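Source file coords.txt; content: compact mmCIF, C-alpha atoms and all ligand atoms.
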```txt
# COMPACT_ATOMS: atom_id res chain seq x y z
CA MET A 1 1.04 -15.19 10.43
CA ALA A 2 4.06 -14.36 8.30
CA ILE A 3 3.78 -12.92 4.81
CA LYS A 4 6.56 -12.95 2.24
CA PHE A 5 6.82 -10.36 -0.50
CA ASN A 6 8.95 -11.20 -3.54
CA ILE A 7 9.66 -8.00 -5.39
CA LEU A 8 10.73 -8.06 -9.03
CA THR A 9 12.45 -4.74 -9.64
CA LEU A 10 15.27 -2.97 -11.43
CA PHE A 11 16.00 -1.14 -8.18
CA PRO A 12 16.29 -3.71 -5.36
CA GLU A 13 18.10 -1.18 -3.19
CA MET A 14 14.79 0.71 -2.87
CA PHE A 15 13.63 -1.97 -0.40
CA PRO A 16 12.80 -2.11 2.48
CA SER A 17 13.10 1.72 2.57
CA MET A 18 10.53 3.13 5.03
CA LEU A 19 9.37 -0.40 5.84
CA GLY A 20 12.61 -0.95 7.77
CA GLN A 21 11.43 1.68 10.32
CA SER A 22 8.87 1.96 13.08
CA LEU A 23 6.02 -0.59 13.25
CA ALA A 24 6.87 -2.33 9.97
CA GLY A 25 10.58 -2.36 10.84
CA ARG A 26 9.97 -4.01 14.20
CA ALA A 27 7.61 -6.50 12.56
CA LEU A 28 10.34 -7.29 10.01
CA GLU A 29 12.80 -7.97 12.86
CA ARG A 30 10.20 -10.23 14.50
CA ARG A 31 9.76 -11.99 11.12
CA ASP A 32 6.07 -11.19 11.00
CA TRP A 33 6.83 -10.45 7.39
CA ALA A 34 9.78 -10.97 5.05
CA TYR A 35 10.82 -9.77 1.62
CA LYS A 36 13.20 -10.60 -1.17
CA ALA A 37 14.01 -7.95 -3.74
CA ILE A 38 14.99 -9.67 -7.00
CA ASN A 39 16.96 -7.67 -9.51
CA ILE A 40 15.37 -8.26 -12.91
CA ARG A 41 18.64 -7.14 -14.54
CA ASP A 42 20.39 -10.21 -13.12
CA PHE A 43 18.36 -12.25 -15.62
CA ALA A 44 19.39 -10.26 -18.71
CA GLN A 45 21.17 -12.38 -21.28
CA ASP A 46 23.57 -10.03 -23.04
CA ILE A 47 26.79 -8.42 -21.84
CA HIS A 48 25.05 -5.04 -21.60
CA LYS A 49 22.45 -6.50 -19.22
CA THR A 50 19.62 -5.20 -21.40
CA VAL A 51 16.12 -5.54 -19.93
CA ASP A 52 14.10 -3.36 -22.31
CA ASP A 53 13.58 -2.66 -25.98
CA THR A 54 11.70 -0.31 -28.28
CA PRO A 55 7.91 -0.75 -28.58
CA TYR A 56 6.43 -2.61 -31.56
CA GLY A 57 4.28 -0.19 -33.50
CA GLY A 58 6.50 2.75 -32.60
CA GLY A 59 6.03 5.44 -30.02
CA ALA A 60 8.00 6.94 -27.21
CA GLY A 61 9.92 5.11 -24.51
CA MET A 62 11.06 1.58 -23.89
CA VAL A 63 9.22 -1.57 -22.83
CA MET A 64 10.50 -4.22 -20.41
CA ARG A 65 11.08 -7.55 -22.17
CA PRO A 66 8.81 -10.51 -21.28
CA ASP A 67 11.55 -13.16 -21.40
CA ILE A 68 13.74 -11.36 -18.84
CA ILE A 69 10.81 -10.72 -16.50
CA GLU A 70 9.70 -14.34 -16.83
CA ALA A 71 13.18 -15.61 -15.94
CA ALA A 72 13.17 -13.38 -12.84
CA LEU A 73 9.68 -14.60 -11.90
CA LEU A 74 10.60 -18.26 -12.32
CA SER A 75 13.48 -17.80 -9.88
CA VAL A 76 10.86 -17.32 -7.13
CA PRO A 77 9.99 -20.73 -5.63
CA LYS A 78 6.71 -19.70 -3.96
CA GLN A 79 5.17 -16.94 -6.07
CA GLY A 80 1.74 -16.86 -4.43
CA ARG A 81 -0.47 -14.06 -5.65
CA LYS A 82 1.19 -12.28 -8.61
CA ILE A 83 0.60 -8.56 -8.79
CA TYR A 84 1.77 -6.06 -11.41
CA LEU A 85 1.73 -2.53 -9.97
CA SER A 86 0.12 -0.56 -12.75
CA PRO A 87 -1.85 2.67 -13.20
CA ARG A 88 -4.51 0.77 -15.14
CA GLY A 89 -5.11 -1.74 -12.31
CA LYS A 90 -7.83 -1.96 -9.71
CA VAL A 91 -7.25 0.86 -7.20
CA LEU A 92 -5.88 -0.32 -3.85
CA ASN A 93 -8.27 0.22 -0.96
CA GLN A 94 -8.52 -0.94 2.64
CA ALA A 95 -10.65 -3.99 1.80
CA LEU A 96 -8.10 -5.16 -0.78
CA ALA A 97 -5.20 -4.50 1.61
CA LYS A 98 -6.98 -6.60 4.24
CA GLU A 99 -7.53 -9.42 1.76
CA LEU A 100 -3.86 -9.33 0.65
CA SER A 101 -2.63 -9.30 4.24
CA THR A 102 -3.98 -12.86 4.67
CA GLU A 103 -1.77 -14.26 1.88
CA ASP A 104 1.41 -16.22 2.64
CA ASN A 105 3.28 -15.20 -0.51
CA ILE A 106 2.87 -12.23 -2.81
CA THR A 107 5.02 -11.49 -5.86
CA LEU A 108 5.10 -7.84 -6.89
CA LEU A 109 6.26 -6.80 -10.35
CA CYS A 110 7.50 -3.22 -10.53
CA GLY A 111 7.49 -1.73 -14.00
CA ARG A 112 9.74 1.04 -15.29
CA TYR A 113 9.93 2.99 -18.57
CA GLU A 114 6.64 2.66 -20.54
CA GLY A 115 5.80 -0.52 -18.63
CA VAL A 116 6.14 -4.23 -19.33
CA ASP A 117 5.38 -6.39 -22.37
CA GLN A 118 1.71 -7.42 -22.17
CA ARG A 119 2.46 -11.09 -22.91
CA VAL A 120 4.26 -11.79 -19.63
CA LEU A 121 1.25 -10.45 -17.71
CA GLU A 122 -1.06 -12.77 -19.65
CA ALA A 123 1.23 -15.81 -19.54
CA HIS A 124 1.57 -15.67 -15.76
CA GLU A 125 -1.88 -14.23 -14.98
CA PHE A 126 -0.73 -11.18 -13.09
CA GLU A 127 -3.49 -9.19 -11.44
CA GLU A 128 -2.99 -5.44 -11.79
CA ILE A 129 -3.20 -3.04 -8.86
CA SER A 130 -2.89 0.73 -8.97
CA ILE A 131 -2.30 3.05 -6.04
CA GLY A 132 -4.28 5.89 -7.63
CA ASP A 133 -5.10 7.73 -10.81
CA TYR A 134 -1.71 9.27 -11.50
CA VAL A 135 1.45 7.98 -13.15
CA LEU A 136 4.61 7.21 -11.20
CA SER A 137 8.05 6.72 -12.73
CA GLY A 138 8.15 3.16 -11.46
CA GLY A 139 6.25 0.50 -9.55
CA GLU A 140 8.57 0.55 -6.52
CA PRO A 141 6.85 3.35 -4.54
CA ALA A 142 3.51 1.67 -5.31
CA ALA A 143 4.85 -1.69 -4.06
CA LEU A 144 6.06 -0.06 -0.83
CA ILE A 145 2.64 1.51 -0.27
CA LEU A 146 0.82 -1.76 -0.92
CA MET A 147 3.21 -3.58 1.42
CA ASP A 148 2.81 -0.97 4.16
CA ALA A 149 -1.00 -1.15 3.95
CA CYS A 150 -0.83 -4.97 4.33
CA ILE A 151 1.89 -5.19 6.98
CA ARG A 152 0.14 -2.95 9.49
CA LEU A 153 -2.89 -5.26 9.31
CA LEU A 154 -0.92 -8.37 10.28
CA PRO A 155 -1.83 -9.72 13.72
CA GLY A 156 0.28 -8.11 16.44
CA VAL A 157 1.84 -5.40 14.26
CA MET A 158 -0.27 -2.52 15.55
CA GLY A 159 -0.43 -3.93 19.07
CA ASN A 160 -4.19 -3.65 19.31
CA GLU A 161 -6.13 -5.92 16.97
CA GLU A 162 -9.13 -3.57 16.98
CA THR A 163 -7.21 -0.52 15.81
CA ALA A 164 -7.62 -1.15 12.08
CA ASP A 165 -11.35 -1.82 12.39
CA ASN A 166 -11.81 1.53 14.14
CA GLU A 167 -9.85 3.52 11.56
CA SER A 168 -11.00 5.20 8.37
CA PHE A 169 -12.55 2.63 5.98
CA GLY A 170 -12.63 0.10 8.86
CA THR A 171 -15.48 -2.28 9.65
CA ASN A 172 -16.39 -0.57 12.95
CA THR A 173 -16.34 2.80 11.20
CA GLY A 174 -18.87 1.47 8.66
CA GLY A 175 -16.34 2.14 5.90
CA LEU A 176 -16.48 5.89 6.65
CA LEU A 177 -13.67 8.29 7.56
CA GLU A 178 -12.48 8.42 11.14
CA TYR A 179 -13.54 11.09 13.66
CA PRO A 180 -11.01 13.84 14.59
CA HIS A 181 -8.42 13.30 17.33
CA TYR A 182 -7.30 15.62 20.15
CA THR A 183 -4.63 15.45 22.83
CA ARG A 184 -3.03 17.81 25.40
CA PRO A 185 -2.99 20.76 25.89
CA ALA A 186 -6.75 21.06 26.41
CA GLU A 187 -6.49 24.70 25.41
CA TRP A 188 -3.93 25.59 22.73
CA ASP A 189 -2.84 29.10 21.74
CA SER A 190 -1.78 28.74 18.13
CA ALA A 191 0.91 31.01 16.64
CA THR A 192 -1.86 32.21 14.30
CA GLY A 193 -3.27 34.17 17.28
CA LYS A 194 -6.30 31.90 17.67
CA THR A 195 -7.04 29.76 20.73
CA TYR A 196 -8.36 26.25 20.17
CA GLU A 197 -10.13 24.07 22.71
CA VAL A 198 -10.71 20.34 22.84
CA PRO A 199 -14.46 19.57 22.37
CA GLU A 200 -16.11 19.47 25.82
CA VAL A 201 -17.73 16.06 25.25
CA LEU A 202 -14.30 14.37 25.05
CA LYS A 203 -13.30 15.65 28.49
CA ASN A 204 -16.25 14.53 30.60
CA GLY A 205 -15.57 10.76 30.60
CA ASN A 206 -19.10 9.85 29.41
CA HIS A 207 -18.20 7.02 27.04
CA ALA A 208 -21.65 6.64 25.52
CA LYS A 209 -21.73 10.36 24.67
CA ILE A 210 -18.17 10.22 23.33
CA GLU A 211 -19.09 7.27 21.11
CA GLU A 212 -22.17 9.12 19.83
CA TRP A 213 -20.12 12.29 19.13
CA ARG A 214 -17.45 10.30 17.28
CA LYS A 215 -20.04 8.56 15.08
CA ASP A 216 -21.64 11.88 14.29
CA GLN A 217 -18.27 13.48 13.45
CA SER A 218 -17.31 10.51 11.30
CA LEU A 219 -20.50 10.92 9.28
CA LYS A 220 -20.10 14.71 8.97
CA ILE A 221 -16.49 14.46 7.85
CA THR A 222 -17.29 11.74 5.33
CA LYS A 223 -20.20 13.80 3.94
CA ALA A 224 -17.94 16.82 3.57
CA LEU A 225 -14.76 15.16 2.29
CA ARG A 226 -15.72 11.84 0.69
CA PRO A 227 -19.45 11.72 -0.06
CA ASP A 228 -18.74 8.85 -2.48
CA LEU A 229 -18.07 6.57 0.52
CA LEU A 230 -21.69 6.99 1.67
CA GLU A 231 -22.96 5.61 -1.61
CA LYS A 232 -21.15 2.28 -1.15
N1 LIG B 301 2.98 3.93 -19.82
C1 LIG B 301 2.27 3.64 -18.63
C2 LIG B 301 0.87 4.19 -18.70
O1 LIG B 301 0.65 5.20 -19.40
O2 LIG B 301 -0.04 3.64 -18.05
C3 LIG B 301 2.97 4.24 -17.41
C4 LIG B 301 4.29 3.60 -17.11
S1 LIG B 301 5.02 4.22 -15.63
C5 LIG B 301 5.98 5.54 -16.24
C6 LIG B 301 6.19 3.02 -15.19
C7 LIG B 301 5.73 2.00 -14.16
O3 LIG B 301 5.36 2.66 -12.97
C8 LIG B 301 4.55 1.15 -14.53
O4 LIG B 301 4.93 0.08 -15.34
C9 LIG B 301 4.02 0.72 -13.18
O5 LIG B 301 4.69 -0.43 -12.71
C10 LIG B 301 4.38 1.90 -12.28
N2 LIG B 301 3.24 2.79 -11.96
C11 LIG B 301 3.03 4.02 -12.47
N3 LIG B 301 1.93 4.57 -11.96
C12 LIG B 301 1.41 3.69 -11.10
C13 LIG B 301 0.25 3.67 -10.27
N4 LIG B 301 -0.60 4.69 -10.24
N5 LIG B 301 0.03 2.58 -9.50
C14 LIG B 301 0.88 1.53 -9.53
N6 LIG B 301 2.00 1.49 -10.31
C15 LIG B 301 2.26 2.53 -11.08
```
Could the structure of this file be written out as structure tokens, please?
Amino acid sequence: MAIKFNILTLFPEMFPSMLGQSLAGRALERRDWAYKAINIRDFAQDIHKTVDDTPYGGGAGMVMRPDIIEAALLSVPKQGRKIYLSPRGKVLNQALAKELSTEDNITLLCGRYEGVDQRVLEAHEFEEISIGDYVLSGGEPAALILMDACIRLLPGVMGNEETADNESFGTNTGGLLEYPHYTRPAEWDSATGKTYEVPEVLKNGNHAKIEEWRKDQSLKITKALRPDLLEK
């Protein structure tokens, strides 16, 4: 299944950035996903290519104009789900990423300055998604994160369809955090002077015991680091 992201931005050169590398990069070459970065400034109507103006009511900063954003949006033939990356939006989580990864078209609006004029969000019924409770300088890094979270869930991208379900927040993990991982060497002398060993249970090939240990670790780690996940 291919997914197309249309990105409305003042910085189209920020894409595909990290998504041109590794798993996402190979998936892009295979056309498992596609993107078009649309420069909002191309739709400005004056010789200075102005896209923003001062806020009504006063206050600091500039606001992106609704008419210019709308013109950029209307240039997209298949808009699909329209998302404004915004700190006040619903916080992105694995369930939402999974849901978005089933869409054919997603249009992402990246704000800059103080944000965008409210009316364009209302007129075109943008849903708002945040990547966390902090403020970025622009929506582009948030768009890249949302895209990455969706792309890796597309069939065939990770190689093994079960991988995502077994990860943190996955369905097989019961929405909890994942258990810890170990690889070679079995015994590792750290530069700190301490020697670390791989837990014995992982070396004896007893898959039932390993499974039990992993479940137990997953629960312990979630209790310690994210007790809120146990309340869901
Ligand atoms: N004045 C806005 C506020 O106080 O909520 C912040 C504007 S921010 C400097 C500029 C743009 O960055 C926003 O329009 C939004 O697109 C993006 N942005 C900032 N923080 C974000 C977050 N946590 N998640 C998603 N997008 C964010």
Selection within 9 Å of ligand LIG 301 (chain B) by only C-alpha atoms and all ligand atoms, output as JSON, numbers by chain: {"A": [61, 63, 64, 84, 85, 86, 87, 88, 89, 91, 92, 109, 110, 111, 112, 113, 114, 115, 116, 128, 129, 130, 131, 132, 133, 134, 135, 136, 137, 138, 139, 140, 141, 142, 143]}
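In this model, the gap between CA of Arg119 in chain A and CA of Pro66 in chain A comes to 6.6 Å.
Candidate residues A:Phe126, A:Asn206, A:Ser218, A:Lys78 were compared for distance to Asn172 in chain A, and the nearest is A:Ser218, using only C-alpha atoms.
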Counting all atoms listed in the file, the option among A:Val120, A:Leu154, A:Ile68, A:Leu146 closest to Trp33 in chain A: A:Leu154
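The two atoms in question, CA of Lys82 in chain A and CA of Gln45 in chain A, are spaced 23.7 Å apart.
You can rank A:Leu144, A:Gly170, A:Glu13, A:Leu177 by their closest distance to Leu225 in chain A using all atoms listed in the file, and at the top of that list sits A:Leu177.
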Within 10 Å of Glu211 in chain A using all atoms listed in the file, minus same-chain residues under 6 positions, as a PyMOL selection string: chain A and resi 201-202+217
Å distance separating CA of Ala24 in chain A from CA of Thr107 in chain A, one decimal place: 18.4 Å
Counting only C-alpha atoms, the residue of A:Glu122, A:Asp104, A:Asp32, A:Asp42 that sits nearest Pro12 in chain A: A:Asp42
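Considering all atoms listed in the file, the residue among A:Ser75, A:Thr163, A:Thr173, A:Thr102 positioned nearest to Ile151 in chain A is A:Thr102.
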To test the calculation: enclose all listed atoms of range 215-225 of chain A in a box whose edges run along x, y and z, add 5 Å on each side, then state centre and edge lengths in Å to one decimal, as JSON.
```
{"center_x": -18.2, "center_y": 12.7, "center_z": 8.7, "size_x": 16.9, "size_y": 18.3, "size_z": 22.8}
```
7 Å contact set for range 51-59 of chain A, all atoms listed in the file, chain neighbours under 6 positions out, as a list in words: Arg41, Ala44, Arg65 and Ile68 of chain A
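The residue that comes closest to Gly175 in chain A, out of A:Ala72, A:Ile221, A:Ala95, A:Ala2 and on the basis of all atoms listed in the file, is A:Ala95.
Residues having any atom no farther than 10 Å from (5.2, -10.0, 11.5) (counting all atoms listed in the file) are A:Met1, A:Ala2, A:Ile3, A:Lys4, A:Leu23, A:Ala24, A:Gly25, A:Arg26, A:Ala27, A:Leu28, A:Glu29, A:Arg30, A:Arg31, A:Asp32, A:Trp33, A:Ala34, A:Ile151, A:Arg152, A:Leu153, A:Leu154, A:Pro155, A:Gly156, A:Val157.
Non-sequential neighbours of Tyr196 in chain A (distance at most 12 Å, separation of 5 or more positions within a chain, all atoms listed in the file) are Tyr182, Thr183, Arg184, Pro185, Ala186, Glu187, Trp188, Asp189, Ser190 and Ala191 of chain A.
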